[in-house]
There are 2 protein chains.
Amino acid sequence: MAVTLKDLARIAGVAESTVSRALNDKPGVSEETREEILKLAVEYNYQPNRLAQGLAKQKTSIIALLLPDLKNPSYPELIAAVEGVANDSGYQVVLCNTAGSPEKTAAYLDLLQRNQFDGVIIVGGTPTGGKFLQLALENKNNMVLLNMLLEELLLPSHLIDYRQEGVLAAEYLLDSADSRPAALILGDAREYRETERREGFLEASRRLTGSATEVFTGVESRDDGYQVFFRIVERLEPPLSFYITENLAALGLLEAIKSGGYLVPEDFQLLGTGSNFIAGIASPQLTVVDEPLREMASNAATSLLQLLSEDKSEPEIRVYQPKIIAGATTL
Amino acid sequence: MAVTLKDLARIAGVAESTVSRALNDKPGVSEETREEILKLAVEYNYQPNRLAQGLAKQKTSIIALLLPDLKNPSYPELIAAVEGVANDSGYQVVLCNTAGSPEKTAAYLDLLQRNQFDGVIIVGGTPTGGKFLQLALENKNNMVLLNMLLEELLLPSHLIDYRQEGVLAAEYLLDSADSRPAALILGDAREYRETERREGFLEASRRLTGSATEVFTGVESRDDGYQVFFRIVERLEPPLSFYITENLAALGLLEAIKSGGYLVPEDFQLLGTGSNFIAGIASPQLTVVDEPLREMASNAATSLLQLLSEDKSEPEIRVYQPKIIAGATTL
DNA sequence: CCCCCTTGCGCAAGCGCTTGCGAATTTTCG
DNA sequence: CGAAAATTCGCAAGCGCTTGCGCAAGGGGG
């Protein structure tokens with residue numbers, strides 16, 4: 001069907017090896033035959049078969065980006081950053097939607113193992129249960145983690161100082177004369193970042209107020225966020241400010257507050273997580289603990305490419321610092 | 001590194017071909033050797049190399065889903081539907097983010113041509129400029145369109161009756177005693193669906209009111225939607241109603257209206273496009289012209305798989321009907 | 001003028017898998 | 001019990017590309 005390297009060789013009257021070398025800028029071909037071959041390649045619209053290339057070279061120049069949930073509004077930015085770096089180095093990026101399913105995660109790692117990808121970046125929140133660990137162990141030289149940390153297995157990772165996020169959040173909400181009681185609303189409490197945030201928040205909170213803090217967990221979706229508000233507000237003395245870590249849940253919570261006829265930030269203060277985009281999508285604009293996601297994503301991609309080229313050094317764990325970006329949902 | 005088919009054959013003491021046949025449920029192997037081989041395969045954790053498989057079989061069992069913009073909140077649903085169908089048939093889906101860039105679109109089509117994918121689904125809004133047409137022509141038997149139509153090239157397509165969307169929208173907004181003047185706010189006016197919506201809307205509008213309708217185009221992003229409101233409101237007098245076709249822009253517009261101190265739907269009515277999810281994310285809940293996206297996506301995937309298995313019949317163009325789902329942004 | 005070092009290219013093996021075909025073995029039936 | 005029909009399996013070619021190696025030329029220096 002398509003024109004192959006062999007065809008091209010026949011047409012040019014040279015050996016396949018010569019064509020291959022000419023096309024790949026390898027030495028051992030005279031400038032003049034190289035040009036001739038290049039010309040023919042264009043003329044006949046030759047496209048190397050990547051499967052064959054992959055098989056011969058034992059690499060595909062494709063990396064996979066495993067995302068837990070496409071709904072999260074932070075991801076487009078993250079994806080763009082990864083793609084930018086990868087494309088510049090001649091890699092293609094494919095997006096793999098694990099949708100919270102351990103089986104799907106395993107299925108994609110399986111593709112990795114079957115040489116379909118050269119490496120993967122796993123983004124925080126991706127389920128790591130089931131066969132994950134075994135597969136990860138077998139491929140630990142082709143994986144980097146973004147926004148997560150695996151305690152069972154040391155991999156190159158790019159993540160925030162989540163504990164510090166918790167501390168900043170608590171200080172921001174509680175460290176003023178007229179501070180109100182605050183509640184902490186987490187997503188999947190089993191994740192590393194959530195446990196860290198929790199500890200940071202609770203510790204700072206104890207230091208600042210001396211009193212206990214209410215914690216809600218498992219609040220992940222938009223709807224979860226919406227629901228949780230009513231669970232909270234029907235209490236006798238509800239907490240009046242919230243640090244809520246999940247993007248979508250924060251939007252839902254905000255919605256719930258407004259629909260209950262309350263004012264933000266006068267009645268309830270709200271502090272979320274994440275990028276500008278997520279902050280801007282909310283109304284009023286969300287105050288957030290900002291994560292330098294774009295930078296982290298670029299670096300994660302760079303890490304991976306480096307891992308794939310050089311031979312393995314110590315897995316590098318890089319920790320980034322969060323900061324508060326004030327919006328209109330806090331006083 | 002990994003255990004290969006050849007290894008397995010050596011271990012089992014049979015020929016490679018026998019192993020291959022056993023693993024692929026092909027006839028010509030006795031039940032007893034088959035079982036023996038299967039057992040060994042599990043024991044040694046054999047994973048067929050998909051590149052080699054692809055090369056030999058001339059197919060990869062991977063389909064690509066080309067998306068113009070990951071930010072669009074309708075896509076997770078669409079993606080899930082496509083993945084569902086594909087996975088059931090043993091296909092993997094990879095997501096390709098064209099991010100509005102014709103070069104990236106072409107790059108992915110290029111991968112298709114180089115046998116990296118078996119087929120692609122192209123989702124409405126994906127840029128079709130540049131080398132697209134040439135590449136598409138060469139691969140017309142592996143592509144289906146979702147939510148778009150290419151006038152230059154007949155491909156299997158799944159799309160809404162966009163003209164009818166326009167008609168419904170106009171009737172909904174204008175067909176009442178106290179109807180207000182309506183404005184039409186479109187995204188990329190060069191796309192098929194937008195021209196159709198426009199025609200439908202304008203035609204119905206003319207029929208119902210006899211007066212002209214204002215049309216704004218190029219309003220795609222959230223921010224575009226936000227901006228356009230102020231351009232509009234400084235020229236025209238409320239009350240007004242808007243039919244705005246882009247998801248994200250609708251959210252922005254809604255935001256702008258509220259931030260201007262106006263009420264929805266009392267001062268401005270708003271009618272958007274799309275699924276439940278997008279409608280629910282807005283506050284107040286958006287009234288939308290609903291598209292059966294999930295169903296369309298499943299069917300598109302089915303179409304593609306069919307295209308890949310059977311040999312080509314006439315490209316089927318399937319048209320779906322929209323309907324209005326009332327929210328709280330219209331009276 | 002000869003030898004040796006470059007340079008340019010072809011040969012062929014190999015990446016890991018599939019598959020048509022024929023050989024060897026077993027089963028079946030007259 | 002022997003020949004024909006199945007059945008089971010191995011051989012080898014091939015998918016399209018890369019790459020180590022070796023062989024011819026060509027060019028320079030002694």
# chains A, B, ... in the order shown; residues from 1 in each chain; ligands from 1
call {"tool": "interface_residues", "arguments": {"of": "chain D", "to": "chain B", "cutoff": "10 Å", "atoms": "only C-alpha atoms (C1' of nucleotides)", "output": "list of chain:residue names"}}
result
D:DT7, D:DT8, D:DC9, D:DG10, D:DC11, D:DG14, D:DC15, D:DG16
call {"tool": "write_last_selection", "arguments": {"atoms": "N, CA, C and O atoms (P, O5', C5', C4', C3', O3' and C1' of nucleotides)", "output": "CSV table (one decimal), in the first residue's frame"}}
result
chain,number,residue,atom,x,y,z
D,7,DT,P,-10.4,-33.2,11.9
D,7,DT,O5',-9.0,-33.1,12.6
D,7,DT,C5',-8.6,-34.2,13.6
D,7,DT,C4',-7.2,-34.1,13.9
D,7,DT,C3',-6.7,-32.8,14.5
D,7,DT,O3',-6.4,-33.0,15.9
D,7,DT,C1',-5.1,-33.7,13.0
D,8,DT,P,-5.9,-31.8,16.8
D,8,DT,O5',-4.4,-31.7,16.6
D,8,DT,C5',-3.6,-32.9,17.0
D,8,DT,C4',-2.1,-32.6,16.7
D,8,DT,C3',-1.7,-31.3,17.3
D,8,DT,O3',-0.5,-31.5,18.1
D,8,DT,C1',-1.0,-31.5,15.0
D,9,DC,P,0.1,-30.3,18.9
D,9,DC,O5',1.3,-29.8,18.0
D,9,DC,C5',2.4,-30.7,17.8
D,9,DC,C4',3.1,-30.3,16.6
D,9,DC,C3',3.9,-29.0,16.7
D,9,DC,O3',5.3,-29.3,16.8
D,9,DC,C1',2.9,-29.3,14.5
D,10,DG,P,6.3,-28.2,17.3
D,10,DG,O5',7.2,-28.0,15.9
D,10,DG,C5',7.7,-29.2,15.3
D,10,DG,C4',8.3,-28.9,14.0
D,10,DG,C3',9.2,-27.7,13.9
D,10,DG,O3',10.3,-28.0,13.1
D,10,DG,C1',7.4,-27.2,12.5
D,11,DC,P,11.6,-27.0,13.0
D,11,DC,O5',11.6,-26.6,11.5
D,11,DC,C5',10.9,-27.4,10.5
D,11,DC,C4',10.9,-26.7,9.2
D,11,DC,C3',11.9,-25.5,9.1
D,11,DC,O3',12.5,-25.5,7.8
D,11,DC,C1',9.7,-24.7,8.7
D,14,DG,P,9.5,-14.2,1.3
D,14,DG,O5',8.8,-13.1,2.2
D,14,DG,C5',7.4,-13.3,2.5
D,14,DG,C4',7.0,-12.5,3.7
D,14,DG,C3',7.7,-11.1,3.7
D,14,DG,O3',6.6,-10.1,3.7
D,14,DG,C1',7.8,-12.1,5.8
D,15,DC,P,6.9,-8.7,3.1
D,15,DC,O5',6.3,-7.8,4.3
D,15,DC,C5',5.0,-8.1,4.8
D,15,DC,C4',4.9,-7.4,6.1
D,15,DC,C3',5.8,-6.1,6.2
D,15,DC,O3',5.0,-5.0,5.9
D,15,DC,C1',6.0,-7.5,8.2
D,16,DG,P,5.4,-4.0,4.7
D,16,DG,O5',6.5,-3.1,5.3
D,16,DG,C5',6.1,-2.2,6.4
D,16,DG,C4',7.4,-1.7,7.1
D,16,DG,C3',8.4,-1.0,6.2
D,16,DG,O3',8.7,0.2,6.8
D,16,DG,C1',9.5,-2.7,7.5
call {"tool": "closest_atom_pairs", "arguments": {"of": "chain C", "to": "chain A", "cutoff": "10 Å", "atoms": "only C-alpha atoms (C1' of nucleotides)", "output": "CSV"}}
result
residue,atom,partner,partner_atom,distance
C:DT7,C1',A:Gly28,CA,7.4
C:DG8,C1',A:Val29,CA,5.8
C:DC9,C1',A:Thr18,CA,6.8
C:DG10,C1',A:Ala15,CA,6.0
C:DC11,C1',A:Ala15,CA,9.1
C:DG14,C1',A:Ala56,CA,8.1
C:DC15,C1',A:Ala56,CA,4.7
C:DG16,C1',A:Leu55,CA,7.8
call {"tool": "residues_around", "arguments": {"residues": "A:Ala189", "least_positions_apart": "6", "cutoff": "12 Å", "atoms": "only C-alpha atoms (C1' of nucleotides)", "output": "PDB file with N, CA, C and O atoms, in the first residue's frame"}}
result
ATOM      1  N   GLY A 125      -3.684  11.092  41.809  1.00  0.00           N
ATOM      2  CA  GLY A 125      -5.073  10.706  41.855  1.00  0.00           C
ATOM      3  C   GLY A 125      -5.329   9.460  41.032  1.00  0.00           C
ATOM      4  O   GLY A 125      -6.365   8.833  41.164  1.00  0.00           O
ATOM      5  N   THR A 195      -3.314  13.278  52.925  1.00  0.00           N
ATOM      6  CA  THR A 195      -2.888  13.058  54.309  1.00  0.00           C
ATOM      7  C   THR A 195      -1.926  14.153  54.752  1.00  0.00           C
ATOM      8  O   THR A 195      -1.980  14.622  55.890  1.00  0.00           O
ATOM      9  N   GLU A 196      -1.076  14.576  53.842  1.00  0.00           N
ATOM     10  CA  GLU A 196      -0.134  15.634  54.177  1.00  0.00           C
ATOM     11  C   GLU A 196      -0.845  16.956  54.458  1.00  0.00           C
ATOM     12  O   GLU A 196      -0.541  17.660  55.411  1.00  0.00           O
ATOM     13  N   ARG A 197      -1.760  17.281  53.571  1.00  0.00           N
ATOM     14  CA  ARG A 197      -2.499  18.525  53.758  1.00  0.00           C
ATOM     15  C   ARG A 197      -3.219  18.515  55.094  1.00  0.00           C
ATOM     16  O   ARG A 197      -3.232  19.509  55.825  1.00  0.00           O
ATOM     17  N   ARG A 198      -3.799  17.399  55.354  1.00  0.00           N
ATOM     18  CA  ARG A 198      -4.522  17.267  56.597  1.00  0.00           C
ATOM     19  C   ARG A 198      -3.605  17.517  57.784  1.00  0.00           C
ATOM     20  O   ARG A 198      -3.923  18.314  58.680  1.00  0.00           O
ATOM     21  N   GLU A 199      -2.480  16.861  57.779  1.00  0.00           N
ATOM     22  CA  GLU A 199      -1.583  17.023  58.918  1.00  0.00           C
ATOM     23  C   GLU A 199      -1.115  18.462  59.059  1.00  0.00           C
ATOM     24  O   GLU A 199      -1.079  19.012  60.155  1.00  0.00           O
ATOM     25  N   VAL A 215     -13.113  17.664  60.048  1.00  0.00           N
ATOM     26  CA  VAL A 215     -12.572  17.179  58.775  1.00  0.00           C
ATOM     27  C   VAL A 215     -13.610  16.339  58.050  1.00  0.00           C
ATOM     28  O   VAL A 215     -14.238  15.469  58.645  1.00  0.00           O
ATOM     29  N   PHE A 216     -13.791  16.624  56.797  1.00  0.00           N
ATOM     30  CA  PHE A 216     -14.673  15.813  55.960  1.00  0.00           C
ATOM     31  C   PHE A 216     -13.832  15.203  54.857  1.00  0.00           C
ATOM     32  O   PHE A 216     -12.991  15.889  54.272  1.00  0.00           O
ATOM     33  N   THR A 217     -14.075  13.952  54.558  1.00  0.00           N
ATOM     34  CA  THR A 217     -13.270  13.324  53.503  1.00  0.00           C
ATOM     35  C   THR A 217     -14.155  12.699  52.441  1.00  0.00           C
ATOM     36  O   THR A 217     -15.367  12.572  52.614  1.00  0.00           O
ATOM     37  N   GLY A 218     -13.523  12.328  51.354  1.00  0.00           N
ATOM     38  CA  GLY A 218     -14.249  11.685  50.258  1.00  0.00           C
ATOM     39  C   GLY A 218     -15.057  12.648  49.426  1.00  0.00           C
ATOM     40  O   GLY A 218     -15.976  12.258  48.715  1.00  0.00           O
ATOM     41  N   VAL A 219     -14.715  13.912  49.518  1.00  0.00           N
ATOM     42  CA  VAL A 219     -15.469  14.919  48.776  1.00  0.00           C
ATOM     43  C   VAL A 219     -14.708  15.234  47.494  1.00  0.00           C
ATOM     44  O   VAL A 219     -13.804  16.055  47.471  1.00  0.00           O
ATOM     45  N   GLU A 220     -15.065  14.549  46.424  1.00  0.00           N
ATOM     46  CA  GLU A 220     -14.266  14.656  45.210  1.00  0.00           C
ATOM     47  C   GLU A 220     -14.976  15.352  44.065  1.00  0.00           C
ATOM     48  O   GLU A 220     -14.429  16.226  43.416  1.00  0.00           O
ATOM     49  N   THR A 245      -9.986  20.873  49.154  1.00  0.00           N
ATOM     50  CA  THR A 245      -8.824  20.607  48.314  1.00  0.00           C
ATOM     51  C   THR A 245      -9.147  20.233  46.881  1.00  0.00           C
ATOM     52  O   THR A 245      -8.346  20.456  45.983  1.00  0.00           O
ATOM     53  N   GLU A 246     -10.288  19.649  46.649  1.00  0.00           N
ATOM     54  CA  GLU A 246     -10.593  19.236  45.281  1.00  0.00           C
ATOM     55  C   GLU A 246     -11.231  20.367  44.486  1.00  0.00           C
ATOM     56  O   GLU A 246     -12.223  20.954  44.886  1.00  0.00           O
TER      57      GLU A 246
END
call {"tool": "closest_residue", "arguments": {"among": "A:Leu253, A:Ala212, A:Leu159, A:Met148", "to": "chain B", "atoms": "only C-alpha atoms"}}
result
A:Leu253
call {"tool": "atom_distance", "arguments": {"atom1": "atom CA of B:Phe132", "atom2": "atom CA of B:Glu165"}}
result
28.1 Å
call {"tool": "closest_atom_pairs", "arguments": {"of": "chain B", "to": "chain A", "cutoff": "6 Å", "atoms": "only C-alpha atoms", "output": "tab-separated table"}}
result
residue	atom	partner	partner_atom	distance
B:Asn49	CA	A:Arg114	CA	4.7
B:Arg50	CA	A:Arg114	CA	5.7
B:Leu51	CA	A:Leu51	CA	5.3
B:Leu55	CA	A:Leu51	CA	5.9
B:Leu70	CA	A:Pro76	CA	5.7
B:Pro76	CA	A:Leu70	CA	5.7
B:Val94	CA	A:Val94	CA	5.7
B:Leu95	CA	A:Leu95	CA	4.9
B:Arg114	CA	A:Asn49	CA	4.7
call {"tool": "residues_around", "arguments": {"residues": "A:His158", "least_positions_apart": "3", "cutoff": "7 Å", "atoms": "only C-alpha atoms (C1' of nucleotides)", "output": "list in words"}}
result
Leu145, Leu146, Asn147, Met296, Ala300, Ile317, Arg318 and Val319 of chain A
call {"tool": "write_last_selection", "arguments": {"atoms": "C-alpha atoms", "output": "JSON list (two decimals), in the first residue's frame"}}
result
[["chain", "number", "residue", "atom", "x", "y", "z"],
["A", 145, "LEU", "CA", 5.03, 10.75, 39.04],
["A", 146, "LEU", "CA", 3.38, 14.11, 39.01],
["A", 147, "ASN", "CA", 1.56, 15.41, 42.02],
["A", 296, "MET", "CA", 5.86, 20.95, 37.47],
["A", 300, "ALA", "CA", 8.12, 16.02, 34.93],
["A", 317, "ILE", "CA", 12.05, 13.79, 44.15],
["A", 318, "ARG", "CA", 11.43, 17.42, 43.57],
["A", 319, "VAL", "CA", 9.28, 19.43, 45.92]]
call {"tool": "select_by_dssp", "arguments": {"residues": "stretch 178-306 of chain B", "states": "strand (DSSP E)", "output": "ChimeraX atom specification"}}
result
/B:182-185,214-216,240-244,268-273,287-290
call {"tool": "atom_distance", "arguments": {"atom1": "atom CA of B:Ile324", "atom2": "atom CA of B:Phe230"}}
result
26.8 Å
call {"tool": "decode", "arguments": {"residues": "chain D", "atoms": "C-alpha atoms (C1' of nucleotides)", "output": "PDB file, in the first residue's frame"}}
result
ATOM      1  C1'  DC D   1      -5.042 -54.365   7.950  1.00  0.00           C
ATOM      2  C1'  DG D   2      -3.789 -50.822   4.587  1.00  0.00           C
ATOM      3  C1'  DA D   3      -4.849 -46.501   2.455  1.00  0.00           C
ATOM      4  C1'  DA D   4      -7.027 -42.118   2.809  1.00  0.00           C
ATOM      5  C1'  DA D   5      -8.459 -38.315   5.672  1.00  0.00           C
ATOM      6  C1'  DA D   6      -7.648 -35.637   9.660  1.00  0.00           C
ATOM      7  C1'  DT D   7      -5.132 -33.656  12.953  1.00  0.00           C
ATOM      8  C1'  DT D   8      -0.988 -31.527  15.028  1.00  0.00           C
ATOM      9  C1'  DC D   9       2.918 -29.285  14.523  1.00  0.00           C
ATOM     10  C1'  DG D  10       7.406 -27.246  12.493  1.00  0.00           C
ATOM     11  C1'  DC D  11       9.726 -24.676   8.737  1.00  0.00           C
ATOM     12  C1'  DA D  12      10.519 -20.583   6.864  1.00  0.00           C
ATOM     13  C1'  DA D  13       9.214 -16.421   4.890  1.00  0.00           C
ATOM     14  C1'  DG D  14       7.783 -12.116   5.824  1.00  0.00           C
ATOM     15  C1'  DC D  15       6.001  -7.465   8.193  1.00  0.00           C
ATOM     16  C1'  DG D  16       9.473  -2.655   7.535  1.00  0.00           C
ATOM     17  C1'  DC D  17      13.112  -0.973   9.587  1.00  0.00           C
ATOM     18  C1'  DT D  18      18.083  -0.521  11.847  1.00  0.00           C
ATOM     19  C1'  DT D  19      22.943  -1.500  12.269  1.00  0.00           C
ATOM     20  C1'  DG D  20      27.453  -4.062  12.699  1.00  0.00           C
ATOM     21  C1'  DC D  21      30.597  -5.480   9.622  1.00  0.00           C
ATOM     22  C1'  DG D  22      33.158  -6.082   5.513  1.00  0.00           C
ATOM     23  C1'  DC D  23      34.372  -4.875   0.835  1.00  0.00           C
ATOM     24  C1'  DA D  24      35.495  -1.554  -2.785  1.00  0.00           C
ATOM     25  C1'  DA D  25      36.950   2.446  -4.300  1.00  0.00           C
ATOM     26  C1'  DG D  26      39.490   6.876  -3.687  1.00  0.00           C
ATOM     27  C1'  DG D  27      43.129   9.876  -1.780  1.00  0.00           C
ATOM     28  C1'  DG D  28      47.188  10.997   0.666  1.00  0.00           C
ATOM     29  C1'  DG D  29      51.881  10.317   2.259  1.00  0.00           C
ATOM     30  C1'  DG D  30      56.182   7.859   2.199  1.00  0.00           C
TER      31       DG D  30
END
